[in-house]
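Below is one structure, written out as structure tokens; comments come after it.
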Amino acid sequence: MPEAILGLSAYYHDSAAAVIIEGEIIAAAHEERFTRVKHDSSFPSHAVKYVLGEAGLGLEDITAVSFYDKPYITFERLLETYHAFAPRGLVSFLSAMPVWIKEKLFMRKQLMDELKDLDLGKPGKLLFPEHHLSHASSAFYPSPFQDAAIITVDGVGEWATTTIGHGNGNRIKILNQLNFPHSLGLLYSAFTYFCGFKVNSGEYKLMGLAPYGNPDGNRVKHYRQKIIAELVDIREDGSFLLNMDYYNFATGLSMCHDRKWEKLFGIPKRKPESELDQPYMDLALAIQQVTEEIIFRLADTAKKLTRADNLVMAGGVALNCVANGKLLRKKIFRNIWIQPAAGDAGGAVGAAYAAWHIWLKKERPAGNGKDLMKGAYLGPEYSSAEIARSVRKFDAPFKEYSDFYLLCNDVAGLLADGNAIGWFQGRMEYGPRALGNRSILGDPRYPEMQKKLNLKIKYREGFRPFAPSVLEENIGEYFGLDIPSPYMLIVAPVIEERRNPLPDNYSQMEMYERLYHLRTDISAITHVDYSARIQSVNKDTNYKYWKLIKAFKKKTGYGLIVNTSFNVRGEPIVCTPEDAYICFMRTEMDFLVMGNCIFSKKQQKEWGETRNWKNEFTMD
């Protein structure tokens with residue numbers, strides 16, 4: 001019988017499950033997509049049931065269950081940290097220790113009990129690869145490379161916050177490691193917190209805010225100098241030390257000491273959802289620049305240590321696609337590949353691969369130039385019959401097409417007319433990005449599309465940019481990028497030929513005046529610095545999505561569309577047809593396409609929901 005590994009991540013944030021059979025990823029999913037709780041950290045019971053069901057296996061068929069973390073070492077780190085900072089941290093210690101002693105210290109028993117409660121058979125061997133080894137495995141083993149440098153950067157695992165490794169064949173060797181509390185992820189999260197966003201989910205907002213900073217202004221330079229002089233001591237090799245006098249995350253209940261930061265930067269901690277003033281935009285740019293500098297130095301060190309041509313990356317900081325794009329353009333490495341589920345959810349895939357290649361010592365297949373993530377389309381899929389059954393309870397009228405080509409042609413026309421369209425096809429994406437199967441789409445030429453999607457559909461801050469999905473063969477017509485970017489993890493500039501000149505006073509204009517200035521002929525996906533977070537669409541990886549964009553190009557001459565995740569603020573990406581229909585009706589989306597069916601908002605019955613559903617999904 002083929003051997004299979006079940007990988008799990010849980011109990012911190014973004015719980016997930018993944019199953020591999022004979023080295024092939026069969027299925028992977030976030031628990032949040034099933035429970036509808038954003039960043040759900042509970043045991044991924046729904047995700048486990050799904051991935052095992054997709055694989056046609058019970059727990060008794062699994063060679064080993066691999067958990068992405070070593071809880072005993074994490075407990076050791078907590079005890080040593082509290083001891084080192086004593087008597088500070090007593091309140092945090094008293095709140096954390098009962099949970100650890102009651103639950104997390106006995107993780108093996110807890111995991112076994114949770115698995116038994118699924119009633120899917122008796123689980124066998126339970127393995128615990130280290131957290132950053134799981135990240136490294138998720139980056140290297142599914143990558144297209146037989147030899148690569150590996151960089152993992154996040155908040156913290158057990159002790160490690162950053163590692164540099166070398167992958168060759170089925171082996172991974174960790175060469176350098178930076179330990180807690182010195183963490184690039186936590187440094188960035190501290191600025192996320194100080195700028196009024198939610199830690200562990202608002203970091204990408206900080207990244208999106210940074211281009212509004214004035215790179216030529218004195219304030220950004222001043223903030224950057226303050227950060228380097230007082231908050232973080234950066235070494236030549238990319239290692240660094242945080243000045244813990246300014247931080248509170250080691251033993252406290254917040255990220256930083258607010259008053260010290262307010263004195264350092266001369267501005268108060270921003271209140272969530274309050275007005276965004278220029279100093280916070282400049283502060284976001286300053287920490288983005290510092291983050292990039294550290295990442296570039298780490299990459300230089302990884303190159304020197306491994307002499308590899310290729311680099312792979314994982315960990316939450318690897319989702320900083322602005323830094324990724326600049327690193328790519330530096331040409332330190334010939335090729336770069338980033339795990340699409342780079343955060344903790346991806347630890348499930350990494351833990352499974354660590355068990356397969358390191359514990360079982362299985363060889364890797366010969367590379368064919370493609371990664372093993374299957375486009376990240378690893379979640380549930382629903383047939384036309386299942387879609388019809390799901391919406392029957394809503395008595396929802398729709399038009400069904402027997403020819404997908406005609407469907408794409410009509411949807412392309414609706415997009416060209418300025419409509420916002422929910423697009424629900426095939427298997428759900430694994431990772432934080434919607435990649436054309438659970439997406440909301442729009443016309444990138446339409447000047448009002450960015451505002452419409454943010455304010456009337458996503459119900460989120462108006463400053464946030466949207467990404468383009470572009471035909472892989474047409475990337476160069478729009479962007480300064482000469483390689484595919486299938487997972488929306490690289491930011492690149494819009495080419496000069498498509499840019500409109502900026503007014504002389506552009507940097508002094510108010511935030512939304514800058515945002516709504518027509519910078520290019522594809523304004524809905526062009527950020528204020530002429531950049532875009534790119535997803536390239538390959539005909540072989542996602543034929544239906546490619547077909548739609550191809551139809552849009554035939555109709556308009558443009559081989560790209562706006563793509564944002566199918567959800568509202570604070571809600572996980574939709575999973576089921578019912579999730580999609582409810583989201584469609586709650587927002588000002590104009591049309592919904594599920595499978596071969598089109599739902600027009602104008603033809604639907606009045607949505608009679610009485611509870612205030614927006615309160616369920618807080619600003620993330």
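Residues in the structure tokens are numbered from 1 in each chain, the chains being A, B, ... in the order shown, and ligands are numbered from 1 in the order shown.
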So which residues touch A:Ala341 within 9 Å, counting only C-alpha atoms, skipping near sequence neighbours fewer than 4 positions away, as number ranges by chain? A: 138, 314-316, 319, 345-347, 349, 376, 430-433
Output the selection as a PDB file, in the first residue's frame - N, CA and C atoms for each residue.
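Once written, selection-v9.pdb looks like this:
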ATOM      1  N   SER A 138       8.921  23.073   3.871  1.00  0.00           N
ATOM      2  CA  SER A 138       7.831  23.559   3.006  1.00  0.00           C
ATOM      3  C   SER A 138       8.374  24.385   1.855  1.00  0.00           C
ATOM      4  N   ALA A 314      10.493  30.701   3.205  1.00  0.00           N
ATOM      5  CA  ALA A 314       9.222  30.473   3.894  1.00  0.00           C
ATOM      6  C   ALA A 314       9.269  31.196   5.232  1.00  0.00           C
ATOM      7  N   GLY A 315       8.165  31.113   5.989  1.00  0.00           N
ATOM      8  CA  GLY A 315       7.991  31.903   7.194  1.00  0.00           C
ATOM      9  C   GLY A 315       7.171  33.130   6.867  1.00  0.00           C
ATOM     10  N   GLY A 316       6.484  33.680   7.863  1.00  0.00           N
ATOM     11  CA  GLY A 316       5.564  34.787   7.606  1.00  0.00           C
ATOM     12  C   GLY A 316       6.187  35.978   6.919  1.00  0.00           C
ATOM     13  N   LEU A 319       6.155  36.486   3.120  1.00  0.00           N
ATOM     14  CA  LEU A 319       4.977  37.025   2.452  1.00  0.00           C
ATOM     15  C   LEU A 319       5.124  38.517   2.153  1.00  0.00           C
ATOM     16  N   ALA A 345       0.329  28.090   8.409  1.00  0.00           N
ATOM     17  CA  ALA A 345      -0.478  27.067   7.732  1.00  0.00           C
ATOM     18  C   ALA A 345       0.401  26.180   6.861  1.00  0.00           C
ATOM     19  N   GLY A 346       1.382  26.781   6.211  1.00  0.00           N
ATOM     20  CA  GLY A 346       2.290  26.017   5.367  1.00  0.00           C
ATOM     21  C   GLY A 346       3.150  25.048   6.144  1.00  0.00           C
ATOM     22  N   GLY A 347       3.231  25.237   7.481  1.00  0.00           N
ATOM     23  CA  GLY A 347       3.954  24.291   8.318  1.00  0.00           C
ATOM     24  C   GLY A 347       3.391  22.889   8.242  1.00  0.00           C
ATOM     25  N   VAL A 349       2.280  21.340   5.452  1.00  0.00           N
ATOM     26  CA  VAL A 349       2.944  20.732   4.297  1.00  0.00           C
ATOM     27  C   VAL A 349       4.407  20.455   4.624  1.00  0.00           C
ATOM     28  N   ALA A 376      -1.189  25.697  -5.881  1.00  0.00           N
ATOM     29  CA  ALA A 376      -1.812  25.913  -4.562  1.00  0.00           C
ATOM     30  C   ALA A 376      -3.304  25.593  -4.585  1.00  0.00           C
ATOM     31  N   TYR A 430      -4.786  27.052  -1.249  1.00  0.00           N
ATOM     32  CA  TYR A 430      -4.083  26.856   0.021  1.00  0.00           C
ATOM     33  C   TYR A 430      -3.100  27.998   0.172  1.00  0.00           C
ATOM     34  N   GLY A 431      -3.101  28.658   1.320  1.00  0.00           N
ATOM     35  CA  GLY A 431      -2.293  29.854   1.503  1.00  0.00           C
ATOM     36  C   GLY A 431      -3.196  31.069   1.603  1.00  0.00           C
ATOM     37  N   PRO A 432      -2.629  32.241   1.871  1.00  0.00           N
ATOM     38  CA  PRO A 432      -3.438  33.429   2.134  1.00  0.00           C
ATOM     39  C   PRO A 432      -3.993  34.117   0.896  1.00  0.00           C
ATOM     40  N   ARG A 433      -3.556  33.731  -0.304  1.00  0.00           N
ATOM     41  CA  ARG A 433      -3.959  34.438  -1.519  1.00  0.00           C
ATOM     42  C   ARG A 433      -5.022  33.670  -2.304  1.00  0.00           C
TER      43      ARG A 433
END
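Residues of stretch 354-476 of chain A that DSSP places in strand (DSSP E), based on the backbone of this structure, are Lys399, Glu400, Ile421, Gly422, Trp423, Phe424, Arg438, Ser439, Ile440, Leu441, Gly442, Ala467, Pro468, Ser469, Val470 and Leu471 of chain A.
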Hey, what's within 6 Å of stretch 6-16 of chain A if we count only C-alpha atoms and toss same-chain stuff fewer than 6 positions away? As an mmCIF file with N, CA and C atoms, in the first residue's frame, please?
data_model
loop_
_atom_site.group_PDB
_atom_site.id
_atom_site.type_symbol
_atom_site.label_atom_id
_atom_site.label_comp_id
_atom_site.auth_asym_id
_atom_site.auth_seq_id
_atom_site.Cartn_x
_atom_site.Cartn_y
_atom_site.Cartn_z
ATOM 1 N N ALA A 29 -5.428 22.293 3.452
ATOM 2 C CA ALA A 29 -6.463 23.305 3.695
ATOM 3 C C ALA A 29 -6.285 23.947 5.064
ATOM 4 N N HIS A 30 -6.699 25.206 5.161
ATOM 5 C CA HIS A 30 -6.737 25.944 6.423
ATOM 6 C C HIS A 30 -8.017 25.582 7.179
ATOM 7 N N GLU A 31 -7.920 25.479 8.477
ATOM 8 C CA GLU A 31 -9.112 25.227 9.298
ATOM 9 C C GLU A 31 -10.094 26.389 9.226
ATOM 10 N N HIS A 39 -8.018 33.117 10.905
ATOM 11 C CA HIS A 39 -6.782 32.674 11.571
ATOM 12 C C HIS A 39 -7.064 31.658 12.678
ATOM 13 N N ASP A 40 -8.050 30.817 12.493
ATOM 14 C CA ASP A 40 -8.436 29.834 13.507
ATOM 15 C C ASP A 40 -7.211 29.043 13.968
ATOM 16 N N SER A 41 -7.021 28.988 15.284
ATOM 17 C CA SER A 41 -5.851 28.300 15.843
ATOM 18 C C SER A 41 -6.208 26.958 16.471
ATOM 19 N N SER A 42 -7.460 26.578 16.422
ATOM 20 C CA SER A 42 -7.884 25.334 17.062
ATOM 21 C C SER A 42 -7.377 24.115 16.292
ATOM 22 N N PHE A 43 -7.485 22.945 16.908
ATOM 23 C CA PHE A 43 -7.085 21.726 16.195
ATOM 24 C C PHE A 43 -7.845 21.643 14.870
ATOM 25 N N PRO A 44 -7.151 21.367 13.762
ATOM 26 C CA PRO A 44 -7.796 21.438 12.438
ATOM 27 C C PRO A 44 -8.626 20.204 12.103
ATOM 28 N N VAL A 65 1.825 10.837 11.565
ATOM 29 C CA VAL A 65 1.262 12.178 11.684
ATOM 30 C C VAL A 65 2.398 13.087 12.142
ATOM 31 N N SER A 66 2.630 14.165 11.408
ATOM 32 C CA SER A 66 3.774 15.043 11.680
ATOM 33 C C SER A 66 3.277 16.429 12.064
ATOM 34 N N PHE A 67 3.594 16.860 13.289
ATOM 35 C CA PHE A 67 3.181 18.157 13.816
ATOM 36 C C PHE A 67 4.319 19.153 13.633
ATOM 37 N N TYR A 68 4.019 20.380 13.281
ATOM 38 C CA TYR A 68 5.012 21.331 12.774
ATOM 39 C C TYR A 68 5.870 21.999 13.835
ATOM 40 N N ASP A 344 2.275 30.007 9.052
ATOM 41 C CA ASP A 344 2.169 28.794 9.852
ATOM 42 C C ASP A 344 1.318 27.708 9.202
ATOM 43 N N ALA A 345 0.329 28.090 8.409
ATOM 44 C CA ALA A 345 -0.478 27.067 7.732
ATOM 45 C C ALA A 345 0.401 26.180 6.861
ATOM 46 N N GLY A 347 3.231 25.237 7.481
ATOM 47 C CA GLY A 347 3.954 24.291 8.318
ATOM 48 C C GLY A 347 3.391 22.889 8.242
ATOM 49 N N ALA A 348 2.105 22.755 7.905
ATOM 50 C CA ALA A 348 1.506 21.430 7.766
ATOM 51 C C ALA A 348 2.131 20.668 6.601
ATOM 52 N N VAL A 349 2.280 21.340 5.452
ATOM 53 C CA VAL A 349 2.944 20.732 4.297
ATOM 54 C C VAL A 349 4.407 20.455 4.624
ATOM 55 N N ALA A 351 5.843 19.982 7.587
ATOM 56 C CA ALA A 351 5.986 18.889 8.556
ATOM 57 C C ALA A 351 5.822 17.541 7.863
ATOM 58 N N ALA A 352 4.861 17.461 6.929
ATOM 59 C CA ALA A 352 4.654 16.209 6.191
ATOM 60 C C ALA A 352 5.879 15.871 5.343
#
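Between A:Ala323 and the candidates A:Ile234, A:Asp482, A:Val491, A:Asn409, the tightest atom-to-atom separation, counting only C-alpha atoms, involves A:Val491.
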Given only C-alpha atoms as the basis, pick out the residue of A:Ala17, A:Val37, A:Ile267, A:Ile358 nearest to A:Ile573. A:Val37
Which of stretch 156-227 of chain A DSSP labels helix (DSSP H, G or I), written as number ranges by chain: A: 184-194, 203-212, 218-227
If we count only C-alpha atoms and set the cut-off at 10 Å, which residues sit around A:Asn419, ignoring sequence neighbours fewer than 5 positions away in its own chain? Please answer as an MDAnalysis selection string. chainID A and resid 411:414 441:443 446 449 452 588:591
Write to file, as a PDB file, in the first residue's frame, the residues of the selection just made, with N, CA and C atoms.
ATOM      1  N   VAL A 411     -18.882  36.677 -19.365  1.00  0.00           N
ATOM      2  CA  VAL A 411     -18.312  37.240 -18.141  1.00  0.00           C
ATOM      3  C   VAL A 411     -17.284  38.315 -18.479  1.00  0.00           C
ATOM      4  N   ALA A 412     -16.484  38.086 -19.521  1.00  0.00           N
ATOM      5  CA  ALA A 412     -15.532  39.103 -19.961  1.00  0.00           C
ATOM      6  C   ALA A 412     -16.253  40.391 -20.337  1.00  0.00           C
ATOM      7  N   GLY A 413     -17.403  40.270 -20.981  1.00  0.00           N
ATOM      8  CA  GLY A 413     -18.193  41.447 -21.332  1.00  0.00           C
ATOM      9  C   GLY A 413     -18.724  42.164 -20.106  1.00  0.00           C
ATOM     10  N   LEU A 414     -19.152  41.391 -19.119  1.00  0.00           N
ATOM     11  CA  LEU A 414     -19.637  41.999 -17.874  1.00  0.00           C
ATOM     12  C   LEU A 414     -18.512  42.736 -17.146  1.00  0.00           C
ATOM     13  N   LEU A 441     -13.432  39.670  -9.039  1.00  0.00           N
ATOM     14  CA  LEU A 441     -12.731  40.168 -10.222  1.00  0.00           C
ATOM     15  C   LEU A 441     -13.287  41.510 -10.683  1.00  0.00           C
ATOM     16  N   GLY A 442     -12.428  42.276 -11.368  1.00  0.00           N
ATOM     17  CA  GLY A 442     -12.851  43.551 -11.933  1.00  0.00           C
ATOM     18  C   GLY A 442     -11.983  43.931 -13.116  1.00  0.00           C
ATOM     19  N   ASP A 443     -12.358  45.032 -13.754  1.00  0.00           N
ATOM     20  CA  ASP A 443     -11.637  45.558 -14.917  1.00  0.00           C
ATOM     21  C   ASP A 443     -10.547  46.509 -14.426  1.00  0.00           C
ATOM     22  N   TYR A 446     -10.785  50.363 -15.265  1.00  0.00           N
ATOM     23  CA  TYR A 446     -11.921  51.121 -14.737  1.00  0.00           C
ATOM     24  C   TYR A 446     -11.465  51.981 -13.555  1.00  0.00           C
ATOM     25  N   MET A 449     -12.783  51.216  -9.967  1.00  0.00           N
ATOM     26  CA  MET A 449     -12.835  49.836  -9.503  1.00  0.00           C
ATOM     27  C   MET A 449     -12.146  49.651  -8.151  1.00  0.00           C
ATOM     28  N   LYS A 452     -14.465  50.981  -5.499  1.00  0.00           N
ATOM     29  CA  LYS A 452     -15.663  50.138  -5.396  1.00  0.00           C
ATOM     30  C   LYS A 452     -15.373  48.853  -4.641  1.00  0.00           C
ATOM     31  N   GLU A 588     -21.984  44.545  -2.503  1.00  0.00           N
ATOM     32  CA  GLU A 588     -22.464  45.163  -3.735  1.00  0.00           C
ATOM     33  C   GLU A 588     -21.809  44.565  -4.973  1.00  0.00           C
ATOM     34  N   MET A 589     -21.429  43.272  -4.879  1.00  0.00           N
ATOM     35  CA  MET A 589     -21.016  42.550  -6.083  1.00  0.00           C
ATOM     36  C   MET A 589     -22.172  42.533  -7.073  1.00  0.00           C
ATOM     37  N   ASP A 590     -21.853  42.628  -8.353  1.00  0.00           N
ATOM     38  CA  ASP A 590     -22.904  42.693  -9.377  1.00  0.00           C
ATOM     39  C   ASP A 590     -23.320  41.320  -9.882  1.00  0.00           C
ATOM     40  N   PHE A 591     -22.332  40.412 -10.008  1.00  0.00           N
ATOM     41  CA  PHE A 591     -22.619  39.067 -10.513  1.00  0.00           C
ATOM     42  C   PHE A 591     -21.792  38.053  -9.732  1.00  0.00           C
TER      43      PHE A 591
END
Take atom CA of A:Tyr558 and atom CA of A:Trp546 and report the distance between them in Å, one decimal. 12.9 Å
Sort by chain and increasing residue number a table of all residues of stretch 549-579 of chain A within 10 Å of stretch 388-407 of chain A, each with its closest pair of atoms and their distance in Å to one decimal, counting only C-alpha atoms, and write it as CSV.
residue,atom,partner,partner_atom,distance
A:Ala551,CA,A:Tyr405,CA,8.3
A:Thr576,CA,A:Ser390,CA,8.4
A:Pro577,CA,A:Ser390,CA,6.2
A:Glu578,CA,A:Ser390,CA,5.6
A:Asp579,CA,A:Ser390,CA,9.4
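We find atom CA of A:Thr306 and atom CA of A:Asn170 to be spaced 15.8 Å apart.
Take atom CA of A:Ala302 and atom CA of A:Glu158: the distance between them is 21.8 Å.
For the residues A:Arg33, A:His135, A:His357, A:Arg364, ranking by smallest atom-to-atom distance to A:Asn567 using only C-alpha atoms places A:Arg33 first.
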Counting only C-alpha atoms, what is within 10 Å of A:Gly217, bar same-chain residues fewer than 4 positions away, as a PyMOL selection string? chain A and resi 213+221-222+282+507
Just write the chosen residues, C-alpha atoms, as an mmCIF file, in the first residue's frame.
data_model
loop_
_atom_site.group_PDB
_atom_site.id
_atom_site.type_symbol
_atom_site.label_atom_id
_atom_site.label_comp_id
_atom_site.auth_asym_id
_atom_site.auth_seq_id
_atom_site.Cartn_x
_atom_site.Cartn_y
_atom_site.Cartn_z
ATOM 1 C CA GLY A 213 5.568 57.446 2.667
ATOM 2 C CA LYS A 221 15.248 59.333 6.905
ATOM 3 C CA HIS A 222 14.828 60.497 10.519
ATOM 4 C CA ASP A 282 6.487 57.596 6.619
ATOM 5 C CA SER A 507 4.145 63.975 -2.638
#
Restricting to only C-alpha atoms, whichever of A:Thr163, A:Thr520, A:Ser45, A:Gln278 is closest to A:Pro501 is A:Thr520
